[in-house]
Amino acid sequence: MSLKGKSAVVTGSTSGIGLGIARALAGAGADIMLNGFGDAGEIEQIRAGLETEFGVKTAFSGVDLTKGDQAKKLVTDAEAAFGKVDILVNNAGIQTVAPVDEFPEDRWELIVALNLSSNFYTTKAALPGMKQRGWGRIINIASAHGLVASPYKAAYVAAKHGVVGFTKVVALETAEQGITCNAICPGFVKTPLVEGQIGEQAKANNMTEEQVVREVILASQPTKKFVEVDDLGALSVFLAGDHAGSITGAALQVDGGWVAR
C-alpha cells in the first residue's frame with residue numbers, strides 16, 4: 001500500500017510505538033514529521049536514518065505537547081516542511097500509577113494534557129488543510145484502557161476514554177469531507193518502558209521475569225503475548241490509505257483478546 005505523496009505527523013515518535021508507526025508510514029512512502037523528547041544526537045540519527053532507509057523527507061519538531069499553542073505549532077511546522085499534513089497520528093502519552101485519593105494532582109494535569117488535550121489541539125490545527133484538500137487521516141493511539149478500566153490508573157484511563165470519545169466526534173463532523181478519524185486501542189506492547197518495568201517488578205515481587213510477564217503484566221491478555229509494534233504500524237498504514245475510507249469513528253482493539261472478556 002503506497003502513501004507516496006502524503007505527509008504525516010506522528011507525535012511521541014522518537015521511541016516505542018510512535019517510532020514503529022513512523023517507520024511503517026515512511027516504509028509506505030510518506031514524509032514524516034517526528035516529535036518527542038530524547039537526546040538530540042540520537043533523534044537526528046533516527047531522522048536521518050528514515051530518510052536514508054526509505055527515501056522520504058523527514059523533519060523533527062521538539063515542541064512540548066502539554067501546551068496547546070505548542071501542539072498546534074507541530075502541525076504548522078510540518079506544513080512548513082512538507083507543504084501539508086495529510087496524516088496525523090496522535091500517539092504521545094505518559095502514565096502514573098496511584099490510588100485516586102493519593103494521585104499527585106500535578107501528574108493528573110500533565111497526563112490529561114499530553115494524553116488527551118494535545119489530540120484536540122493538533123487535530124484542530126490539521127483539519128482546515130485536510131478539509132480544503134478533501135482528504136485526511138487522523139489516527140489516535142488510545143489503549144485498551146480507553147475501553148475498560150484498571151485500578152490505580154485514574155488519569156490514564158480517563159484520558160484514554162476521552163480519546164475514544166473525541167475520535168467519534170471528529171469522525172462524525174468530517175464524515176462527508178473525505179476525512180477519517182479512528183482510534184487504535186492496543187493492549188500491552190513490549191516497548192523499552194515496559195521492559196524496564198518487567199525487571200523492576202521481578203525484583204520487587206521476588207519473581208522471575210517470565211512470571212512477571214505472564215502473571216502480572218499479561219494477566220489481562222488472553223494470548224499471553226505482547227502486542228507487536230509492527231502490528232500497530234501495519235494497521236496505521238492501512239487506516240492511512242484509500243482502502244480504509246469507510247472506516248471512521250472506530251475504536252480498533254489490538255489487545256490479544258483483553259476486551260473480549
# chains A, B, ... in the order shown; residues from 1 in each chain; ligands from 1

call {"tool": "residues_around", "arguments": {"residues": "A:Val189", "least_positions_apart": "3", "cutoff": "10 Å", "atoms": "only C-alpha atoms", "output": "list in words"}}
result
Gly16, Ile17, Pro186, Pro192, Leu193, Val194, Glu195, Leu218, Lys225, Phe226, Val227, Glu228, Val229, Leu232, Val254 and Asp255 of chain A

call {"tool": "select_by_dssp", "arguments": {"residues": "stretch 6-203 of chain A", "states": "strand (DSSP E)", "output": "tab-separated table (two decimals) with N, CA and C atoms, in the first residue's frame"}}
result
chain	number	residue	atom	x	y	z
A	7	SER	N	2.07	13.26	3.54
A	7	SER	CA	2.94	13.65	4.64
A	7	SER	C	2.23	13.37	5.95
A	8	ALA	N	3.01	12.94	6.95
A	8	ALA	CA	2.44	12.51	8.22
A	8	ALA	C	3.14	13.16	9.39
A	9	VAL	N	2.36	13.49	10.40
A	9	VAL	CA	2.87	13.91	11.71
A	9	VAL	C	2.60	12.78	12.69
A	10	VAL	N	3.63	12.36	13.41
A	10	VAL	CA	3.48	11.31	14.41
A	10	VAL	C	4.03	11.84	15.73
A	31	ASP	N	6.18	11.14	3.83
A	31	ASP	CA	7.13	12.02	4.52
A	31	ASP	C	6.72	12.11	5.98
A	32	ILE	N	7.70	12.25	6.88
A	32	ILE	CA	7.43	12.10	8.31
A	32	ILE	C	7.94	13.29	9.11
A	33	MET	N	7.05	13.87	9.92
A	33	MET	CA	7.44	14.83	10.94
A	33	MET	C	7.51	14.08	12.27
A	34	LEU	N	8.72	13.96	12.80
A	34	LEU	CA	8.93	13.31	14.09
A	34	LEU	C	8.72	14.31	15.21
A	35	ASN	N	8.39	13.78	16.38
A	35	ASN	CA	8.21	14.63	17.56
A	35	ASN	C	8.46	13.79	18.79
A	58	THR	N	12.07	13.88	5.89
A	58	THR	CA	11.77	13.84	7.31
A	58	THR	C	12.16	15.17	7.96
A	59	ALA	N	11.52	15.44	9.08
A	59	ALA	CA	11.85	16.61	9.87
A	59	ALA	C	11.55	16.28	11.33
A	60	PHE	N	12.01	17.12	12.22
A	60	PHE	CA	11.77	16.91	13.65
A	60	PHE	C	11.34	18.22	14.29
A	61	SER	N	10.34	18.13	15.14
A	61	SER	CA	9.90	19.28	15.93
A	61	SER	C	9.80	18.85	17.39
A	87	ILE	N	-1.76	13.12	7.12
A	87	ILE	CA	-1.97	12.07	8.12
A	87	ILE	C	-1.48	12.59	9.46
A	88	LEU	N	-2.33	12.49	10.47
A	88	LEU	CA	-1.96	12.90	11.82
A	88	LEU	C	-2.12	11.70	12.74
A	89	VAL	N	-1.04	11.32	13.40
A	89	VAL	CA	-1.08	10.22	14.36
A	89	VAL	C	-0.79	10.79	15.74
A	90	ASN	N	-1.80	10.80	16.60
A	90	ASN	CA	-1.64	11.28	17.97
A	90	ASN	C	-1.29	10.10	18.86
A	136	GLY	N	-8.04	13.38	4.39
A	136	GLY	CA	-7.23	13.40	5.60
A	136	GLY	C	-7.43	12.13	6.40
A	137	ARG	N	-6.43	11.78	7.17
A	137	ARG	CA	-6.48	10.62	8.04
A	137	ARG	C	-5.96	11.01	9.42
A	138	ILE	N	-6.81	10.82	10.42
A	138	ILE	CA	-6.42	11.08	11.81
A	138	ILE	C	-6.48	9.76	12.56
A	139	ILE	N	-5.39	9.38	13.18
A	139	ILE	CA	-5.29	8.12	13.91
A	139	ILE	C	-4.86	8.44	15.33
A	140	ASN	N	-5.73	8.16	16.28
A	140	ASN	CA	-5.42	8.42	17.69
A	140	ASN	C	-5.05	7.11	18.37
A	141	ILE	N	-3.89	7.07	18.97
A	141	ILE	CA	-3.47	5.87	19.68
A	141	ILE	C	-4.04	5.95	21.09
A	179	ILE	N	-12.41	12.75	5.12
A	179	ILE	CA	-11.51	12.63	6.28
A	179	ILE	C	-12.01	11.50	7.17
A	180	THR	N	-11.10	10.68	7.66
A	180	THR	CA	-11.47	9.66	8.63
A	180	THR	C	-10.73	9.90	9.93
A	181	CYS	N	-11.33	9.46	11.02
A	181	CYS	CA	-10.70	9.57	12.33
A	181	CYS	C	-10.99	8.29	13.10
A	182	ASN	N	-9.94	7.58	13.47
A	182	ASN	CA	-10.08	6.31	14.17
A	182	ASN	C	-9.12	6.24	15.35
A	183	ALA	N	-9.46	5.38	16.28
A	183	ALA	CA	-8.59	5.14	17.44
A	183	ALA	C	-8.10	3.70	17.40
A	184	ILE	N	-6.82	3.51	17.65
A	184	ILE	CA	-6.25	2.18	17.84
A	184	ILE	C	-6.09	1.97	19.34
A	185	CYS	N	-6.57	0.83	19.82
A	185	CYS	CA	-6.58	0.54	21.26
A	185	CYS	C	-5.70	-0.67	21.55
A	186	PRO	N	-4.40	-0.45	21.73
A	186	PRO	CA	-3.51	-1.58	21.98
A	186	PRO	C	-3.62	-2.09	23.41

call {"tool": "atom_distance", "arguments": {"atom1": "atom CA of A:Asp69", "atom2": "atom CA of A:Asn115"}}
result
15.6 Å

call {"tool": "select_by_dssp", "arguments": {"residues": "stretch 6-227 of chain A", "states": "alpha helix (DSSP H)", "output": "PyMOL selection string"}}
result
chain A and resi 16-27+40-54+68-82+105-112+118-133+154-173+192-205+209-211

call {"tool": "closest_residue", "arguments": {"among": "A:Leu147, A:Val100, A:Ala78, A:Ala175", "to": "A:Lys131", "atoms": "only C-alpha atoms"}}
result
A:Ala175

call {"tool": "closest_residue", "arguments": {"among": "A:Ser15, A:Ser150, A:Gln221, A:Asn205", "to": "A:Val97", "atoms": "only C-alpha atoms"}}
result
A:Ser150

call {"tool": "residues_around", "arguments": {"residues": "A:Gly129", "least_positions_apart": "6", "cutoff": "9 Å", "atoms": "only C-alpha atoms", "output": "list in words"}}
result
Lys84, Val85, Asp86, Trp135 and Gly136 of chain A

call {"tool": "closest_residue", "arguments": {"among": "A:Gln177, A:Asn91, A:Gln253, A:Ser117", "to": "A:Val148", "atoms": "only C-alpha atoms"}}
result
A:Gln253

call {"tool": "closest_residue", "arguments": {"among": "A:Thr191, A:Thr248, A:Leu25, A:Ala144", "to": "A:Arg261", "atoms": "only C-alpha atoms"}}
result
A:Ala144

call {"tool": "residues_around", "arguments": {"residues": "A:Thr122", "least_positions_apart": "2", "cutoff": "10 Å", "atoms": "only C-alpha atoms", "output": "MDAnalysis selection string"}}
result
chainID A and resid 9 11 65 68:76 88:90 117:120 124:127 138

call {"tool": "write_last_selection", "arguments": {"atoms": "C-alpha atoms", "output": "PDB file, in the first residue's frame"}}
result
ATOM      1  CA  VAL A   9       2.866  13.912  11.709  1.00  0.00           C
ATOM      2  CA  THR A  11       3.619  12.554  17.997  1.00  0.00           C
ATOM      3  CA  LEU A  65       2.633  18.909  23.530  1.00  0.00           C
ATOM      4  CA  GLY A  68      -1.839  23.927  23.419  1.00  0.00           C
ATOM      5  CA  ASP A  69      -0.036  26.551  21.362  1.00  0.00           C
ATOM      6  CA  GLN A  70       2.982  24.262  21.018  1.00  0.00           C
ATOM      7  CA  ALA A  71       0.815  21.331  19.948  1.00  0.00           C
ATOM      8  CA  LYS A  72      -0.697  23.474  17.201  1.00  0.00           C
ATOM      9  CA  LYS A  73       2.793  24.623  16.190  1.00  0.00           C
ATOM     10  CA  LEU A  74       3.746  20.998  15.497  1.00  0.00           C
ATOM     11  CA  VAL A  75       1.240  20.968  12.655  1.00  0.00           C
ATOM     12  CA  THR A  76       2.362  24.324  11.271  1.00  0.00           C
ATOM     13  CA  LEU A  88      -1.964  12.895  11.819  1.00  0.00           C
ATOM     14  CA  VAL A  89      -1.080  10.221  14.364  1.00  0.00           C
ATOM     15  CA  ASN A  90      -1.642  11.284  17.965  1.00  0.00           C
ATOM     16  CA  SER A 117      -5.758  17.657  25.210  1.00  0.00           C
ATOM     17  CA  SER A 118      -2.832  17.524  22.781  1.00  0.00           C
ATOM     18  CA  ASN A 119      -5.001  15.409  20.462  1.00  0.00           C
ATOM     19  CA  PHE A 120      -7.557  18.214  20.372  1.00  0.00           C
ATOM     20  CA  LYS A 124      -7.845  21.427  15.358  1.00  0.00           C
ATOM     21  CA  ALA A 125      -4.729  22.670  13.594  1.00  0.00           C
ATOM     22  CA  ALA A 126      -4.674  19.913  10.960  1.00  0.00           C
ATOM     23  CA  LEU A 127      -8.357  19.876   9.999  1.00  0.00           C
ATOM     24  CA  ILE A 138      -6.417  11.080  11.813  1.00  0.00           C
TER      25      ILE A 138
END

call {"tool": "atom_distance", "arguments": {"atom1": "atom CA of A:Leu3", "atom2": "atom CA of A:Ala30"}}
result
5.2 Å
